[in-house]
Amino acid sequence: MRRPVALRLYAALGTTAVAAATGVVLLMPEASAATGGVTGYATQNGGTTGGAGGQTVQASSGTAIHAALCNRASSSTPIIIQVSGTINHGNTTKVSGSSCNTAADKIELKEISNVTIVGVGGGAVFDQLGIHIRDSSNIIIQNVTVRNVKKSGSPTSNGGDAIGMESTVRNVWVDHVTLEASGGESEGFDGLFDMKDNTQYVTLSYSILRNSGRGGLIGSSESDTSNGYVTFHHNLYENIDSRTPLLRGGIAHIYNNYYVSLNESGINSRAGARAKVDNNYFRNSKDVLGTFYTDAKGYWQTSGNILDNVTWSASSSENNPAGPGMASTTTVSVPYPYSLDGASCVPGIVGQTAGANKGLQVSTGNCSVTAGPATTRPATSAPVTTRAATSAPATTRPPTTTAGATTGAPSGTNLSIGAGADGSSKADGTSYGNVKDGNISTYWSPSGSTGQISIKWGSATAVARINIRLAAGSGTITSWRVLNADTGAVLTSGNSNGGVISFSRTSLKKVTFEITGASGTPRVGEFETYAS
């Protein structure tokens with residue numbers, strides 16, 4: 001590999017006891033999470049509303065999620081399940097009932113409809129546990145992280161797919177999620193977002209897919225062409241070997257996505273598939289569009305895409321790359337309205353909006369961002385209580401004061417999202433990439449008390465301000481320098497404990513934050529960079 005790569009109350013049925021046993025908390029319908037804003041093909045075929053209008057339940061275990069599904073009046077009774085905490089094999093068991101069909105080794109949405117699963121509070125992480133949708137319809141999954149789901153090794157779940165759909169699935173909206181693995185098939189992982197065996201009317205929006213051998217497929221084989229009508233927009237694909245997606249038959253609309261480090265191939269249109277590919281940004285990638293590994297050709301219509309350091313392989317009987325010109329080979333019309341951000345601002349827009357715990361922010365369609373719908377925090381009182389909806393965690397950070405710089409968190413686009421990172425020797429268990437992943441809980445530490453960490457781009461980028469955000473438990477930085485790593489010039493220096501640092505606007509390919517003095521071991525959670 002090229003990388004380490006909620007519950008309706010029926011007193012007669014004794015569900016109060018079930019709630020107590022599984023950690024389910026009941027809320028009245030008015031406390032439900034807001035889930036408006038469905039886009040793309042999920043708006044078609046009658047639309048996708050999930051559990052809107054149904055009971056709202058809060059759950060902090062996989063068993064509680066299953067109990068919520070199983071205690072509905074029927075398999076189609078609308079329900080909103082608000083999830084917080086870590087969901088894993090240890091807290092996910094099979095629950096039986098007339099309105100469900102669950103399993104212990106995955107979150108099973110099988111033979112059901114009208115369900116919303118939404119992460120709230122401090123976040124919802126499905127750890128090594130996949131979400132499986134089968135013979136189901138009208139499903140919304142929003143604001144959750146699914147990570148490290150394996151098909152081999154231990155533990156296994158969902159055939160190795162983070163989110164998998166199969167067997168007559170209709171109208172699914174997956175939004176503001178983070179799907180990630182830690183390698184490819186040889187490390188036990190499969191696809192991050194797979195659809196097969198007659199899955200239609202799906203939208204994946206404002207999400208992150210990263211560090212996997214396979215982004216996802218639409219159709220499991222060249223004969224499985226009953227899938228399609230899928231929209232992908234404002235997603236970040238980062239460090240993926242292939243399948244972004246692999247499309248066999250059917251139609252996909254792919255717009256305003258940011259692709260970084262597609263290592264072997266990207267959008268793979270095969271077996272008569274048609275892809276409409278609009279205003280995407282491809283960076284540091286190979287064979288980003290075409291028909292690959294088969295002689296069963298697919299087709300594409302392209303417009304407004306930006307290719308930034310993209311390479312192409314030669315054509316052959318089983319490889320038909322679209323580049324370097326990426327000329328259209330078909331026409332595709334879509335039945336819904338949409339607004340296109342200019343491709344040049346896609347990295348910034350996607351960096352601010354994509355993934356879980358970003359406040360459900362969305363693009364306005366003109367290269368700016370607006371706040372998304374609010375979500376409800378998990379209840380802390382006893383079961384059967386009413387709580388007003390509150391906002392999801394905000395992305396605005398508290399002001400910080402840094403010597404020689406400014407007061408207050410910087411505004412604008414964080415240029416580090418999607419960029420590269422390297423540095424001096426790192427402490428065990430830390431990673432350079434942790435400083436540019438938008439997650440303050442992951443970090444890089446030097447191997448001692450001093451060292452350097454860099455953000456880098458494939459082309460010259462103007463930077464005038466950085467923000468060094470330290471993770472919990474960090475040692476105290478007592479002195480530092482900011483370097484133009486292209487020339488070695490010192491842009492500024494100081495003695496503050498991280499924070500916002502300003503200097504003369506400089507065009508460079510690599511900027512370095514060098515820690516020259518510290519008490520204890522620093523933990524740099526985020527190294528943000530800004531143009532102004």
# chains A, B, ... in the order shown; residues from 1 in each chain; ligands from 1
>>> select_by_dssp(residues="segment 213-457 of chain A", states="strand (DSSP E)", output="ChimeraX atom specification")
/A:213-214,217-218,228-233,236-242,246-248,251-255,258-262,267-270,274-278,281-286,289-292,299-303,306-311,319-321,362-363,369-370,420-423,451-457
>>> residues_around(residues="Asp308 of chain A", least_positions_apart="2", cutoff="12 Å", atoms="only C-alpha atoms", output="list in words")
Tyr258, Tyr259, Val260, Ser261, Asn280, Tyr281, Phe282, Arg283, Asn284, Ser285, Lys286, Val288, Asn305, Ile306, Val310, Thr311, Pro324, Ala343, Ser344, Pro347, Trp457, Gly458, Ser459 and Ala460 of chain A
>>> write_last_selection(atoms="N, CA and C atoms", output="mmCIF file, in the first residue's frame")
data_model
loop_
_atom_site.group_PDB
_atom_site.id
_atom_site.type_symbol
_atom_site.label_atom_id
_atom_site.label_comp_id
_atom_site.auth_asym_id
_atom_site.auth_seq_id
_atom_site.Cartn_x
_atom_site.Cartn_y
_atom_site.Cartn_z
ATOM 1 N N TYR A 258 -13.364 17.748 -3.332
ATOM 2 C CA TYR A 258 -11.932 18.020 -3.276
ATOM 3 C C TYR A 258 -11.211 16.691 -3.140
ATOM 4 N N TYR A 259 -10.410 16.385 -4.140
ATOM 5 C CA TYR A 259 -9.668 15.129 -4.179
ATOM 6 C C TYR A 259 -8.186 15.402 -3.974
ATOM 7 N N VAL A 260 -7.592 14.779 -2.972
ATOM 8 C CA VAL A 260 -6.179 14.958 -2.672
ATOM 9 C C VAL A 260 -5.526 13.583 -2.517
ATOM 10 N N SER A 261 -4.486 13.344 -3.256
ATOM 11 C CA SER A 261 -3.728 12.090 -3.159
ATOM 12 C C SER A 261 -4.580 10.867 -3.487
ATOM 13 N N ASN A 280 -14.972 20.167 -9.739
ATOM 14 C CA ASN A 280 -14.206 19.500 -8.688
ATOM 15 C C ASN A 280 -12.762 19.980 -8.729
ATOM 16 N N TYR A 281 -12.034 19.800 -7.641
ATOM 17 C CA TYR A 281 -10.622 20.169 -7.567
ATOM 18 C C TYR A 281 -9.827 18.897 -7.277
ATOM 19 N N PHE A 282 -8.935 18.553 -8.211
ATOM 20 C CA PHE A 282 -8.091 17.365 -8.068
ATOM 21 C C PHE A 282 -6.649 17.806 -7.833
ATOM 22 N N ARG A 283 -6.028 17.323 -6.769
ATOM 23 C CA ARG A 283 -4.654 17.739 -6.447
ATOM 24 C C ARG A 283 -3.780 16.522 -6.148
ATOM 25 N N ASN A 284 -2.559 16.571 -6.667
ATOM 26 C CA ASN A 284 -1.535 15.559 -6.351
ATOM 27 C C ASN A 284 -2.069 14.135 -6.519
ATOM 28 N N SER A 285 -2.639 13.871 -7.681
ATOM 29 C CA SER A 285 -3.336 12.608 -7.894
ATOM 30 C C SER A 285 -3.031 12.014 -9.259
ATOM 31 N N LYS A 286 -3.424 10.754 -9.437
ATOM 32 C CA LYS A 286 -3.173 10.027 -10.674
ATOM 33 C C LYS A 286 -4.491 9.504 -11.259
ATOM 34 N N VAL A 288 -7.440 10.581 -12.451
ATOM 35 C CA VAL A 288 -8.571 10.986 -11.614
ATOM 36 C C VAL A 288 -9.935 10.666 -12.226
ATOM 37 N N ASN A 305 -13.624 21.671 -13.970
ATOM 38 C CA ASN A 305 -12.746 21.016 -12.999
ATOM 39 C C ASN A 305 -11.339 21.610 -13.039
ATOM 40 N N ILE A 306 -10.644 21.566 -11.913
ATOM 41 C CA ILE A 306 -9.253 22.019 -11.838
ATOM 42 C C ILE A 306 -8.356 20.819 -11.567
ATOM 43 N N VAL A 310 -1.795 16.652 -11.528
ATOM 44 C CA VAL A 310 -2.438 15.377 -11.845
ATOM 45 C C VAL A 310 -1.654 14.690 -12.955
ATOM 46 N N THR A 311 -1.384 13.407 -12.803
ATOM 47 C CA THR A 311 -0.677 12.633 -13.818
ATOM 48 C C THR A 311 -1.615 11.598 -14.417
ATOM 49 N N PRO A 324 -5.118 13.832 -20.718
ATOM 50 C CA PRO A 324 -5.071 15.036 -19.893
ATOM 51 C C PRO A 324 -6.171 16.056 -20.170
ATOM 52 N N ALA A 343 -14.607 25.993 -8.879
ATOM 53 C CA ALA A 343 -13.661 24.950 -8.486
ATOM 54 C C ALA A 343 -12.493 25.499 -7.682
ATOM 55 N N SER A 344 -12.078 26.737 -7.957
ATOM 56 C CA SER A 344 -10.912 27.288 -7.272
ATOM 57 C C SER A 344 -11.142 27.470 -5.775
ATOM 58 N N PRO A 347 -11.404 23.740 -2.354
ATOM 59 C CA PRO A 347 -10.608 23.299 -1.199
ATOM 60 C C PRO A 347 -10.959 24.041 0.083
ATOM 61 N N TRP A 457 2.566 22.690 0.299
ATOM 62 C CA TRP A 457 1.653 22.645 -0.835
ATOM 63 C C TRP A 457 2.410 22.308 -2.105
ATOM 64 N N GLY A 458 1.690 21.847 -3.111
ATOM 65 C CA GLY A 458 2.325 21.507 -4.376
ATOM 66 C C GLY A 458 2.693 22.715 -5.203
ATOM 67 N N SER A 459 2.111 23.862 -4.909
ATOM 68 C CA SER A 459 2.439 25.090 -5.622
ATOM 69 C C SER A 459 2.507 26.235 -4.624
ATOM 70 N N ALA A 460 3.124 27.324 -5.028
ATOM 71 C CA ALA A 460 3.321 28.473 -4.139
ATOM 72 C C ALA A 460 1.978 28.977 -3.612
#
>>> select_by_dssp(residues="segment 137-225 of chain A", states="helix (DSSP H, G or I)", output="NGL selection string")
:A and (158-160 or 185-187)
>>> closest_residue(among="A:Ala356, A:Ile466, A:Ala531, A:Val346", to="Val120 of chain A", atoms="only C-alpha atoms")
A:Ala356
>>> residues_around(residues="segment 97-99 of chain A", least_positions_apart="6", cutoff="7 Å", atoms="only C-alpha atoms", output="PyMOL selection string")
chain A and resi 69-75
>>> write_last_selection(atoms="N, CA and C atoms", output="short mmCIF file (atom, residue, chain, number, x, y, z; two decimals), in the first residue's frame")
data_model
loop_
_atom_site.label_atom_id
_atom_site.label_comp_id
_atom_site.auth_asym_id
_atom_site.auth_seq_id
_atom_site.Cartn_x
_atom_site.Cartn_y
_atom_site.Cartn_z
N LEU A 69 -34.91 0.91 17.42
CA LEU A 69 -35.53 0.40 16.20
C LEU A 69 -36.56 -0.69 16.51
N CYS A 70 -36.22 -1.57 17.43
CA CYS A 70 -37.06 -2.74 17.70
C CYS A 70 -38.31 -2.41 18.50
N ASN A 71 -38.34 -1.30 19.21
CA ASN A 71 -39.48 -0.95 20.03
C ASN A 71 -40.43 0.04 19.37
N ARG A 72 -40.24 0.26 18.08
CA ARG A 72 -41.21 1.08 17.34
C ARG A 72 -42.50 0.28 17.14
N ALA A 73 -43.59 1.00 16.82
CA ALA A 73 -44.87 0.32 16.57
C ALA A 73 -44.78 -0.58 15.35
N SER A 74 -44.01 -0.15 14.37
CA SER A 74 -43.82 -0.95 13.16
C SER A 74 -42.46 -0.65 12.57
N SER A 75 -42.11 -1.39 11.57
CA SER A 75 -40.80 -1.18 10.94
C SER A 75 -40.73 0.11 10.13
#
>>> closest_residue(among="A:Ser445, A:Ser76, A:Asn434, A:Ser496", to="Gly473 of chain A", atoms="only C-alpha atoms")
A:Ser445
>>> atom_distance(atom1="atom CA of Asn257 of chain A", atom2="atom CA of Ser137 of chain A")
25.7 Å
